[in-house]
Each structure stands twice: as structure tokens, then as C-alpha cells.
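**Q** File name model.pdb; file contents PDB, C-alpha atoms; full text below.
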```pdb
ATOM      1  CA  MET A  15       8.512  35.151  21.438
ATOM      2  CA  CYS A  16       7.313  36.525  18.098
ATOM      3  CA  LYS A  17       3.489  36.565  17.838
ATOM      4  CA  GLY A  18       1.138  37.956  15.184
ATOM      5  CA  LEU A  19       2.212  40.196  12.313
ATOM      6  CA  ALA A  20       0.548  43.348  13.652
ATOM      7  CA  ALA A  21       2.429  43.279  16.943
ATOM      8  CA  LEU A  22       5.827  42.178  15.617
ATOM      9  CA  PRO A  23       8.567  43.602  17.804
ATOM     10  CA  HIS A  24      11.474  45.153  15.959
ATOM     11  CA  THR A  25      13.875  42.271  16.824
ATOM     12  CA  CYS A  26      11.477  39.600  15.552
ATOM     13  CA  LEU A  27      11.073  41.460  12.277
ATOM     14  CA  GLU A  28      14.849  41.736  11.903
ATOM     15  CA  ARG A  29      15.263  38.039  12.716
ATOM     16  CA  ALA A  30      12.652  37.098  10.106
ATOM     17  CA  LYS A  31      14.362  39.297   7.482
ATOM     18  CA  GLY A  32      17.717  37.679   8.328
ATOM     19  CA  ILE A  33      16.305  34.199   7.936
ATOM     20  CA  LYS A  34      14.597  35.176   4.675
ATOM     21  CA  SER A  35      17.811  36.576   3.236
ATOM     22  CA  LYS A  36      19.802  33.511   4.305
ATOM     23  CA  LEU A  37      17.223  31.242   2.705
ATOM     24  CA  GLY A  38      16.709  33.526  -0.289
ATOM     25  CA  VAL A  39      18.220  31.020  -2.678
ATOM     26  CA  LEU A  40      15.694  28.396  -1.627
ATOM     27  CA  LEU A  41      12.792  30.838  -1.831
ATOM     28  CA  GLN A  42      13.478  31.761  -5.468
ATOM     29  CA  LYS A  43      11.721  29.874  -8.233
ATOM     30  CA  PRO A  44      14.140  27.742 -10.202
ATOM     31  CA  GLU A  45      14.611  28.679 -13.844
ATOM     32  CA  SER A  46      14.701  25.016 -14.837
ATOM     33  CA  ALA A  47      14.435  21.564 -13.310
ATOM     34  CA  PHE A  48      18.232  21.349 -13.340
ATOM     35  CA  ASP A  49      18.368  24.126 -10.741
ATOM     36  CA  LEU A  50      16.611  21.762  -8.312
ATOM     37  CA  ILE A  51      19.331  19.123  -8.555
ATOM     38  CA  ILE A  52      21.636  19.040  -5.560
ATOM     39  CA  PRO A  53      25.079  17.981  -6.695
ATOM     40  CA  TYR A  54      26.698  15.182  -4.744
ATOM     41  CA  PRO A  55      30.354  14.308  -5.110
ATOM     42  CA  GLU A  56      30.883  11.336  -7.396
ATOM     43  CA  LYS A  57      31.617   8.175  -5.464
ATOM     44  CA  THR A  58      34.178   5.973  -7.029
ATOM     45  CA  GLU A  59      33.128   2.350  -7.151
ATOM     46  CA  LYS A  60      34.872   0.283  -4.539
ATOM     47  CA  THR A  61      37.261  -2.043  -6.294
ATOM     48  CA  ILE A  62      36.993  -5.675  -5.390
ATOM     49  CA  LYS A  63      40.223  -6.633  -3.610
ATOM     50  CA  ALA A  64      39.614 -10.370  -3.325
ATOM     51  CA  PRO A  65      41.152 -12.595  -5.996
ATOM     52  CA  LYS A  66      38.942 -12.941  -9.036
ATOM     53  CA  PRO A  67      37.304 -16.376  -9.123
ATOM     54  CA  SER A  68      37.727 -18.790 -11.983
ATOM     55  CA  VAL A  69      34.846 -19.097 -14.429
ATOM     56  CA  GLU A  70      34.075 -22.500 -12.893
ATOM     57  CA  GLU A  71      33.812 -20.983  -9.388
ATOM     58  CA  ALA A  72      31.572 -18.169 -10.605
ATOM     59  CA  LEU A  73      29.344 -20.659 -12.435
ATOM     60  CA  GLN A  74      28.803 -22.511  -9.133
ATOM     61  CA  TRP A  75      27.095 -19.407  -7.756
ATOM     62  CA  ARG A  76      24.148 -20.254 -10.017
ATOM     63  CA  ASP A  77      23.582 -23.401  -7.958
ATOM     64  CA  SER A  78      23.894 -21.941  -4.487
ATOM     65  CA  LEU A  79      23.649 -18.598  -2.781
ATOM     66  CA  ASP A  80      25.871 -20.041  -0.044
ATOM     67  CA  LYS A  81      28.683 -20.621  -2.538
ATOM     68  CA  LEU A  82      28.380 -16.985  -3.602
ATOM     69  CA  LEU A  83      28.322 -15.685  -0.018
ATOM     70  CA  ASP A  84      31.257 -17.900   1.015
ATOM     71  CA  ASN A  85      33.438 -16.488  -1.763
ATOM     72  CA  SER A  86      34.913 -13.104  -0.759
ATOM     73  CA  TYR A  87      34.919 -11.845  -4.364
ATOM     74  CA  GLY A  88      31.379 -13.139  -4.869
ATOM     75  CA  LEU A  89      30.130 -11.507  -1.682
ATOM     76  CA  THR A  90      31.724  -8.184  -2.618
ATOM     77  CA  ALA A  91      30.338  -8.349  -6.157
ATOM     78  CA  PHE A  92      26.865  -9.264  -4.830
ATOM     79  CA  ARG A  93      26.969  -6.366  -2.348
ATOM     80  CA  SER A  94      28.059  -3.982  -5.084
ATOM     81  CA  PHE A  95      25.230  -5.162  -7.333
ATOM     82  CA  LEU A  96      22.634  -4.784  -4.571
ATOM     83  CA  LYS A  97      23.939  -1.296  -3.719
ATOM     84  CA  SER A  98      23.482  -0.318  -7.356
ATOM     85  CA  GLU A  99      19.836  -1.372  -6.969
ATOM     86  CA  PHE A 100      19.457   0.347  -3.571
ATOM     87  CA  SER A 101      18.609  -2.987  -1.954
ATOM     88  CA  GLU A 102      21.719  -3.930  -0.012
ATOM     89  CA  GLU A 103      20.041  -4.136   3.404
ATOM     90  CA  ASN A 104      19.384  -7.888   3.112
ATOM     91  CA  VAL A 105      22.979  -8.888   2.406
ATOM     92  CA  GLU A 106      24.262  -6.369   4.974
ATOM     93  CA  PHE A 107      21.925  -7.913   7.565
ATOM     94  CA  TRP A 108      23.133 -11.409   6.635
ATOM     95  CA  VAL A 109      26.785 -10.322   6.999
ATOM     96  CA  ALA A 110      26.047  -8.628  10.347
ATOM     97  CA  CYS A 111      24.437 -11.868  11.602
ATOM     98  CA  GLU A 112      27.448 -13.912  10.502
ATOM     99  CA  ASP A 113      29.749 -11.520  12.377
ATOM    100  CA  TYR A 114      27.425 -11.613  15.402
ATOM    101  CA  LYS A 115      27.598 -15.436  15.570
ATOM    102  CA  LYS A 116      31.400 -15.265  15.893
ATOM    103  CA  THR A 117      31.227 -12.965  18.941
ATOM    104  CA  LYS A 118      32.467 -14.655  22.115
ATOM    105  CA  SER A 119      32.010 -11.993  24.792
ATOM    106  CA  PRO A 120      28.449 -11.863  26.195
ATOM    107  CA  ALA A 121      28.746  -8.079  26.671
ATOM    108  CA  LYS A 122      29.840  -7.532  23.062
ATOM    109  CA  MET A 123      27.173  -9.945  21.869
ATOM    110  CA  ALA A 124      24.471  -7.952  23.682
ATOM    111  CA  LEU A 125      25.732  -4.690  22.130
ATOM    112  CA  LYS A 126      25.894  -6.185  18.642
ATOM    113  CA  ALA A 127      22.444  -7.729  19.071
ATOM    114  CA  GLN A 128      20.969  -4.375  20.015
ATOM    115  CA  LYS A 129      22.683  -2.663  17.080
ATOM    116  CA  ILE A 130      21.483  -5.291  14.573
ATOM    117  CA  TYR A 131      17.952  -5.150  15.953
ATOM    118  CA  GLU A 132      17.804  -1.343  15.802
ATOM    119  CA  GLU A 133      19.422  -1.167  12.365
ATOM    120  CA  TYR A 134      17.549  -3.968  10.558
ATOM    121  CA  ILE A 135      14.696  -5.558  12.523
ATOM    122  CA  GLN A 136      12.652  -3.038  14.477
ATOM    123  CA  THR A 137       9.758  -1.351  12.727
ATOM    124  CA  GLU A 138      10.915   1.803  10.901
ATOM    125  CA  ALA A 139      14.584   0.760  11.291
ATOM    126  CA  PRO A 140      16.953   2.750   9.045
ATOM    127  CA  ARG A 141      17.722  -0.345   6.942
ATOM    128  CA  GLU A 142      14.720  -2.475   7.828
ATOM    129  CA  VAL A 143      14.661  -5.916   6.244
ATOM    130  CA  ASN A 144      11.412  -7.419   5.014
ATOM    131  CA  ILE A 145      10.401 -10.059   7.547
ATOM    132  CA  ASP A 146       6.990 -10.985   8.904
ATOM    133  CA  HIS A 147       5.677  -9.964  12.329
ATOM    134  CA  PHE A 148       6.042 -13.486  13.741
ATOM    135  CA  THR A 149       9.754 -13.548  12.843
ATOM    136  CA  LYS A 150      10.217 -10.097  14.381
ATOM    137  CA  ALA A 151       8.500 -11.237  17.567
ATOM    138  CA  VAL A 152      10.582 -14.439  17.824
ATOM    139  CA  THR A 153      13.770 -12.456  17.216
ATOM    140  CA  LEU A 154      12.871  -9.894  19.872
ATOM    141  CA  LYS A 155      12.078 -12.702  22.340
ATOM    142  CA  ASN A 156      15.456 -14.308  21.535
ATOM    143  CA  LEU A 157      17.210 -11.059  22.378
ATOM    144  CA  VAL A 158      16.063 -11.143  26.008
ATOM    145  CA  GLU A 159      19.072 -13.419  26.496
ATOM    146  CA  PRO A 160      21.281 -12.970  23.421
ATOM    147  CA  SER A 161      22.939 -16.099  22.064
ATOM    148  CA  PRO A 162      24.706 -16.950  18.802
ATOM    149  CA  THR A 163      21.360 -18.245  17.469
ATOM    150  CA  SER A 164      19.261 -15.167  18.353
ATOM    151  CA  PHE A 165      18.912 -14.040  14.736
ATOM    152  CA  ASP A 166      18.789 -17.472  13.092
ATOM    153  CA  LEU A 167      15.118 -17.390  12.086
ATOM    154  CA  ALA A 168      15.330 -13.870  10.660
ATOM    155  CA  GLN A 169      18.598 -14.686   8.908
ATOM    156  CA  LYS A 170      17.069 -17.804   7.325
ATOM    157  CA  LYS A 171      14.085 -15.776   6.068
ATOM    158  CA  ILE A 172      16.374 -13.150   4.531
ATOM    159  CA  HIS A 173      18.601 -15.847   3.027
ATOM    160  CA  ALA A 174      15.537 -17.413   1.367
ATOM    161  CA  LEU A 175      14.426 -14.002   0.100
ATOM    162  CA  MET A 176      17.861 -13.281  -1.397
ATOM    163  CA  GLU A 177      17.959 -16.749  -2.963
ATOM    164  CA  LYS A 178      14.533 -16.300  -4.548
ATOM    165  CA  ASP A 179      14.759 -12.625  -5.533
ATOM    166  CA  SER A 180      18.209 -11.004  -5.406
ATOM    167  CA  LEU A 181      20.336 -13.903  -6.651
ATOM    168  CA  PRO A 182      18.437 -14.389  -9.944
ATOM    169  CA  ARG A 183      18.723 -10.651 -10.672
ATOM    170  CA  PHE A 184      22.451 -10.739  -9.866
ATOM    171  CA  LEU A 185      22.955 -13.731 -12.174
ATOM    172  CA  ARG A 186      21.385 -11.720 -15.032
ATOM    173  CA  SER A 187      23.505  -8.630 -14.284
ATOM    174  CA  ASP A 188      26.374  -7.417 -16.475
ATOM    175  CA  LEU A 189      28.642  -7.660 -13.430
ATOM    176  CA  TYR A 190      28.098 -11.412 -13.196
ATOM    177  CA  LEU A 191      27.902 -12.087 -16.931
ATOM    178  CA  GLU A 192      31.321 -10.490 -17.409
ATOM    179  CA  LEU A 193      32.791 -12.875 -14.832
ATOM    180  CA  ILE A 194      31.639 -15.985 -16.667
ATOM    181  CA  GLU A 195      32.644 -14.912 -20.189
TER     182      GLU A 195
END
```
When written as C-alpha cells, how does the structure in this file appear?
**A**
Amino acid sequence: MCKGLAALPHTCLERAKGIKSKLGVLLQKPESAFDLIIPYPEKTEKTIKAPKPSVEEALQWRDSLDKLLDNSYGLTAFRSFLKSEFSEENVEFWVACEDYKKTKSPAKMALKAQKIYEEYIQTEAPREVNIDHFTKAVTLKNLVEPSPTSFDLAQKKIHALMEKDSLPRFLRSDLYLELIE
């Protein structure tokens, strides 16, 4: 083990020099702010494969989030919009709950329930949705014996949040406005 600078053994010093040279690029001061930018490959936007709705269908989405979510084109467009705003976790959670409700096998249901809970519900989850502590507690209690209704309360809260917050923003977006022109 390498300890103290004064008593550095030869191998520790060589190891430190090796690490420093490998990380040399990171240790240099950037000449400009652009040098700090890490390039990521451009992602091409996922094209919507569902049939484009009529203007009348798209106009109905103003009246009901459910009509939007029930339409495959609408759901895909809504997801795409929310991804562009870095806020897709709510709709992804809603979709995961809908898929979960269709699960017949108790073993698969338990696995899906655990995955949904760990991904969206538990505190500090990677894609944590914004629900109150009471709803989290009820959901966790429901998961002791998973059933198709285990996530109903949380799903209803997220649905209400999307209806109040995300849907109005989507309806003002260029993506939606182009559909109803």
C-alpha cells in the first residue's frame, strides 16, 4: 500500500506517474469552454410508426389525456415531447403500470412490480416519479401481495399530474400544433 510522499516505494511512484500520464488530458487546463464539451453521437429522432391521426382525433386530445394515451400515435408523440423536456418518467411509469395490469402470471407480476417500484417509486429511484409519501407507503404495502391494482393509487396521482402539467405544455408544443394545422 502506498503511504506518505517521503516513504514512497519505487513501484508506487511508478504507478502514480502511470496514472498521471494516462489522465494527463484531464489534468490539463482547457483552452476554451468548448474543450470541456464531451461529444455524444447524435441520436436520430425516433419516427412515429403509428398512423397519423386525423385533425379531429388530435383535437380530441385537448379534452382528455386518456384519449391521447389511448391513441398509439398520440402516446408516441407525447413521449417524444416529454423526452425533449427531460421529463418522460411520468408517462413511462404510466405505460409500465398499464403493461403490469395485463400480466397474468403471479411470478411475472411480482418481478414486474419489483422492477417498477425500484425504477420509479422508491426514494432515489433512477426515474423517480413525484408522488407523496402516503402514496409511496400505500404502494409499498400493496406490493406485499402484488395484484393488478397494486399501483393504482400512484398511477392515478401521476395521471392527474400529467393532465394538469404535461398535457397543457404538449398542447402548446410545435409537435402538437403541426398535427392540428
**Q** List the residues selected by the PyMOL selection byres ((chain A and resi 110) around 10) in the file shown, writing them as a list in words.
**A**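 Taken over the shown coordinates, the PyMOL selection byres ((chain A and resi 110) around 10) returns Asn104, Val105, Glu106, Phe107, Trp108, Val109, Cys111, Glu112, Asp113, Tyr114, Lys115, Lys126, Ala127, Lys129, Ile130, Tyr134, Phe165 and Gln169 of chain A.
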**Q** Find the residues around Thr149 in chain A up to 12 Å (only C-alpha atoms counted), leave out those fewer than 2 positions away in its own chain, and share them as number ranges by chain.
**A** A: 135-136, 143-147, 151-156, 164-172
**Q** Once 8 Å is added on each side, what are the centre and the three edge lengths, in Å to one decimal, of the axis-aligned box enclosing the listed atoms of range 67-70 of chain A? Present them as lines of an AutoDock Vina configuration file.
**A**
```
center_x = 35.9
center_y = -19.4
center_z = -11.8
size_x = 19.7
size_y = 22.1
size_z = 21.3
```
**Q** So that I can check the surroundings of Ala72 in chain A, please list as a PDB file with C-alpha atoms, in the frame of the given file every protein, DNA and RNA residue that reaches within 9 Å of it, counting only C-alpha atoms and ignoring chain neighbours fewer than 5 positions away.
**A**
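Final output, saved to result-v6.pdb:
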```pdb
ATOM      1  CA  PRO A  67      37.304 -16.376  -9.123  1.00  0.00           C
ATOM      2  CA  LYS A  81      28.683 -20.621  -2.538  1.00  0.00           C
ATOM      3  CA  LEU A  82      28.380 -16.985  -3.602  1.00  0.00           C
ATOM      4  CA  GLY A  88      31.379 -13.139  -4.869  1.00  0.00           C
ATOM      5  CA  TYR A 190      28.098 -11.412 -13.196  1.00  0.00           C
ATOM      6  CA  LEU A 193      32.791 -12.875 -14.832  1.00  0.00           C
ATOM      7  CA  ILE A 194      31.639 -15.985 -16.667  1.00  0.00           C
TER       8      ILE A 194
END
```
**Q** To one decimal place in Å, what is the distance between CA of Lys122 in chain A and CA of Ser161 in chain A?
**A**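 Calculated distance between CA of Lys122 in chain A and CA of Ser161 in chain A is 11.0 Å.
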**Q** Would you please work out which residue, of A:Ser68, A:Leu73, A:Leu96, A:Leu89, is nearest to Arg183 in chain A when using only C-alpha atoms?
**A**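 Using only C-alpha atoms, the shortest distance to Arg183 in chain A belongs to A:Leu96.
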**Q** Mind pulling up the distance from CA of Pro140 in chain A to CA of Phe184 in chain A?
**A**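 Rounded to one decimal, the two atoms are 23.9 Å apart.
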**Q** A:Ala91, A:Ala121, A:Leu79, A:Leu175: which is nearest Pro160 in chain A, counting all atoms listed in the file?
**A**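 Between A:Ala91, A:Ala121, A:Leu79, A:Leu175, the residue approaching Pro160 in chain A most closely is A:Ala121.
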**Q** Separation of CA of Ser86 in chain A and CA of Asp179 in chain A, in Å?
**A** 20.7 Å
**Q** What would the file be for range 66-80 of chain A if you keep all heavy atoms and write it as a compact mmCIF listing (two decimals), in the first residue's frame?
**A**
```txt
# COMPACT_ATOMS: atom_id res chain seq x y z
N LYS A 66 -50.88 8.38 -38.64
CA LYS A 66 -51.12 9.76 -38.20
C LYS A 66 -52.61 9.97 -37.99
O LYS A 66 -53.42 9.58 -38.84
CB LYS A 66 -50.57 10.72 -39.25
CG LYS A 66 -50.55 12.15 -38.82
CD LYS A 66 -49.85 13.00 -39.86
CE LYS A 66 -49.85 14.46 -39.43
NZ LYS A 66 -49.17 15.31 -40.40
N PRO A 67 -52.99 10.57 -36.87
CA PRO A 67 -54.42 10.76 -36.61
C PRO A 67 -54.99 11.89 -37.49
O PRO A 67 -54.25 12.75 -37.97
CB PRO A 67 -54.45 11.16 -35.14
CG PRO A 67 -53.15 11.86 -34.93
CD PRO A 67 -52.17 11.12 -35.80
N SER A 68 -56.29 11.87 -37.62
CA SER A 68 -56.95 12.97 -38.32
C SER A 68 -56.87 14.20 -37.42
O SER A 68 -56.63 14.09 -36.21
CB SER A 68 -58.41 12.62 -38.60
OG SER A 68 -59.13 12.54 -37.38
N VAL A 69 -57.12 15.35 -37.99
CA VAL A 69 -57.12 16.59 -37.21
C VAL A 69 -58.18 16.49 -36.11
O VAL A 69 -57.94 16.90 -34.96
CB VAL A 69 -57.37 17.82 -38.13
CG1 VAL A 69 -57.57 19.08 -37.31
CG2 VAL A 69 -56.23 17.99 -39.11
N GLU A 70 -59.32 15.90 -36.44
CA GLU A 70 -60.41 15.76 -35.47
C GLU A 70 -59.96 14.90 -34.27
O GLU A 70 -60.26 15.24 -33.12
CB GLU A 70 -61.66 15.15 -36.11
CG GLU A 70 -62.35 16.04 -37.13
CD GLU A 70 -61.63 16.12 -38.48
OE1 GLU A 70 -60.92 15.15 -38.87
OE2 GLU A 70 -61.75 17.15 -39.15
N GLU A 71 -59.28 13.80 -34.56
CA GLU A 71 -58.77 12.94 -33.47
C GLU A 71 -57.79 13.71 -32.59
O GLU A 71 -57.88 13.67 -31.36
CB GLU A 71 -58.05 11.71 -34.04
CG GLU A 71 -58.94 10.61 -34.53
CD GLU A 71 -58.11 9.46 -35.10
OE1 GLU A 71 -57.47 9.65 -36.15
OE2 GLU A 71 -58.12 8.38 -34.48
N ALA A 72 -56.85 14.39 -33.22
CA ALA A 72 -55.84 15.14 -32.47
C ALA A 72 -56.48 16.25 -31.64
O ALA A 72 -56.02 16.54 -30.53
CB ALA A 72 -54.80 15.71 -33.43
N LEU A 73 -57.53 16.86 -32.16
CA LEU A 73 -58.22 17.92 -31.40
C LEU A 73 -58.88 17.36 -30.14
O LEU A 73 -59.01 18.06 -29.15
CB LEU A 73 -59.25 18.62 -32.29
CG LEU A 73 -58.68 19.60 -33.32
CD1 LEU A 73 -59.75 20.06 -34.28
CD2 LEU A 73 -57.99 20.78 -32.65
N GLN A 74 -59.29 16.08 -30.18
CA GLN A 74 -59.92 15.46 -29.02
C GLN A 74 -58.94 15.32 -27.85
O GLN A 74 -59.36 15.22 -26.70
CB GLN A 74 -60.50 14.09 -29.38
CG GLN A 74 -61.69 14.17 -30.28
CD GLN A 74 -62.22 12.79 -30.66
OE1 GLN A 74 -61.68 11.76 -30.26
NE2 GLN A 74 -63.29 12.78 -31.42
N TRP A 75 -57.65 15.31 -28.15
CA TRP A 75 -56.66 15.19 -27.08
C TRP A 75 -56.71 16.38 -26.15
O TRP A 75 -56.26 16.28 -25.00
CB TRP A 75 -55.26 15.02 -27.67
CG TRP A 75 -55.10 13.84 -28.57
CD1 TRP A 75 -55.94 12.77 -28.70
CD2 TRP A 75 -54.04 13.61 -29.50
NE1 TRP A 75 -55.46 11.88 -29.64
CE2 TRP A 75 -54.29 12.38 -30.15
CE3 TRP A 75 -52.90 14.32 -29.85
CZ2 TRP A 75 -53.44 11.85 -31.11
CZ3 TRP A 75 -52.06 13.79 -30.81
CH2 TRP A 75 -52.33 12.57 -31.43
N ARG A 76 -57.22 17.51 -26.63
CA ARG A 76 -57.36 18.69 -25.77
C ARG A 76 -58.35 18.44 -24.64
O ARG A 76 -58.25 19.04 -23.58
CB ARG A 76 -57.84 19.89 -26.59
CG ARG A 76 -56.84 20.41 -27.56
CD ARG A 76 -57.44 21.56 -28.35
NE ARG A 76 -56.42 22.22 -29.14
CZ ARG A 76 -56.65 23.22 -29.95
NH1 ARG A 76 -57.88 23.70 -30.09
NH2 ARG A 76 -55.67 23.76 -30.64
N ASP A 77 -59.33 17.58 -24.91
CA ASP A 77 -60.39 17.31 -23.94
C ASP A 77 -60.03 16.25 -22.92
O ASP A 77 -60.61 16.20 -21.85
CB ASP A 77 -61.67 16.85 -24.68
CG ASP A 77 -62.13 17.87 -25.70
OD1 ASP A 77 -61.93 19.08 -25.47
OD2 ASP A 77 -62.68 17.45 -26.73
N SER A 78 -59.07 15.36 -23.30
CA SER A 78 -58.85 14.21 -22.44
C SER A 78 -57.45 13.63 -22.63
O SER A 78 -57.07 13.25 -23.74
CB SER A 78 -59.90 13.14 -22.76
OG SER A 78 -59.55 11.90 -22.22
N LEU A 79 -56.74 13.53 -21.54
CA LEU A 79 -55.44 12.86 -21.57
C LEU A 79 -55.62 11.40 -21.96
O LEU A 79 -54.79 10.84 -22.68
CB LEU A 79 -54.74 12.98 -20.21
CG LEU A 79 -53.41 12.26 -20.06
CD1 LEU A 79 -52.37 12.82 -21.04
CD2 LEU A 79 -52.89 12.37 -18.63
N ASP A 80 -56.71 10.79 -21.51
CA ASP A 80 -56.96 9.38 -21.84
C ASP A 80 -57.07 9.15 -23.34
O ASP A 80 -56.58 8.16 -23.85
CB ASP A 80 -58.21 8.86 -21.12
CG ASP A 80 -58.00 8.76 -19.62
OD1 ASP A 80 -56.88 8.40 -19.21
OD2 ASP A 80 -58.94 9.04 -18.87
```
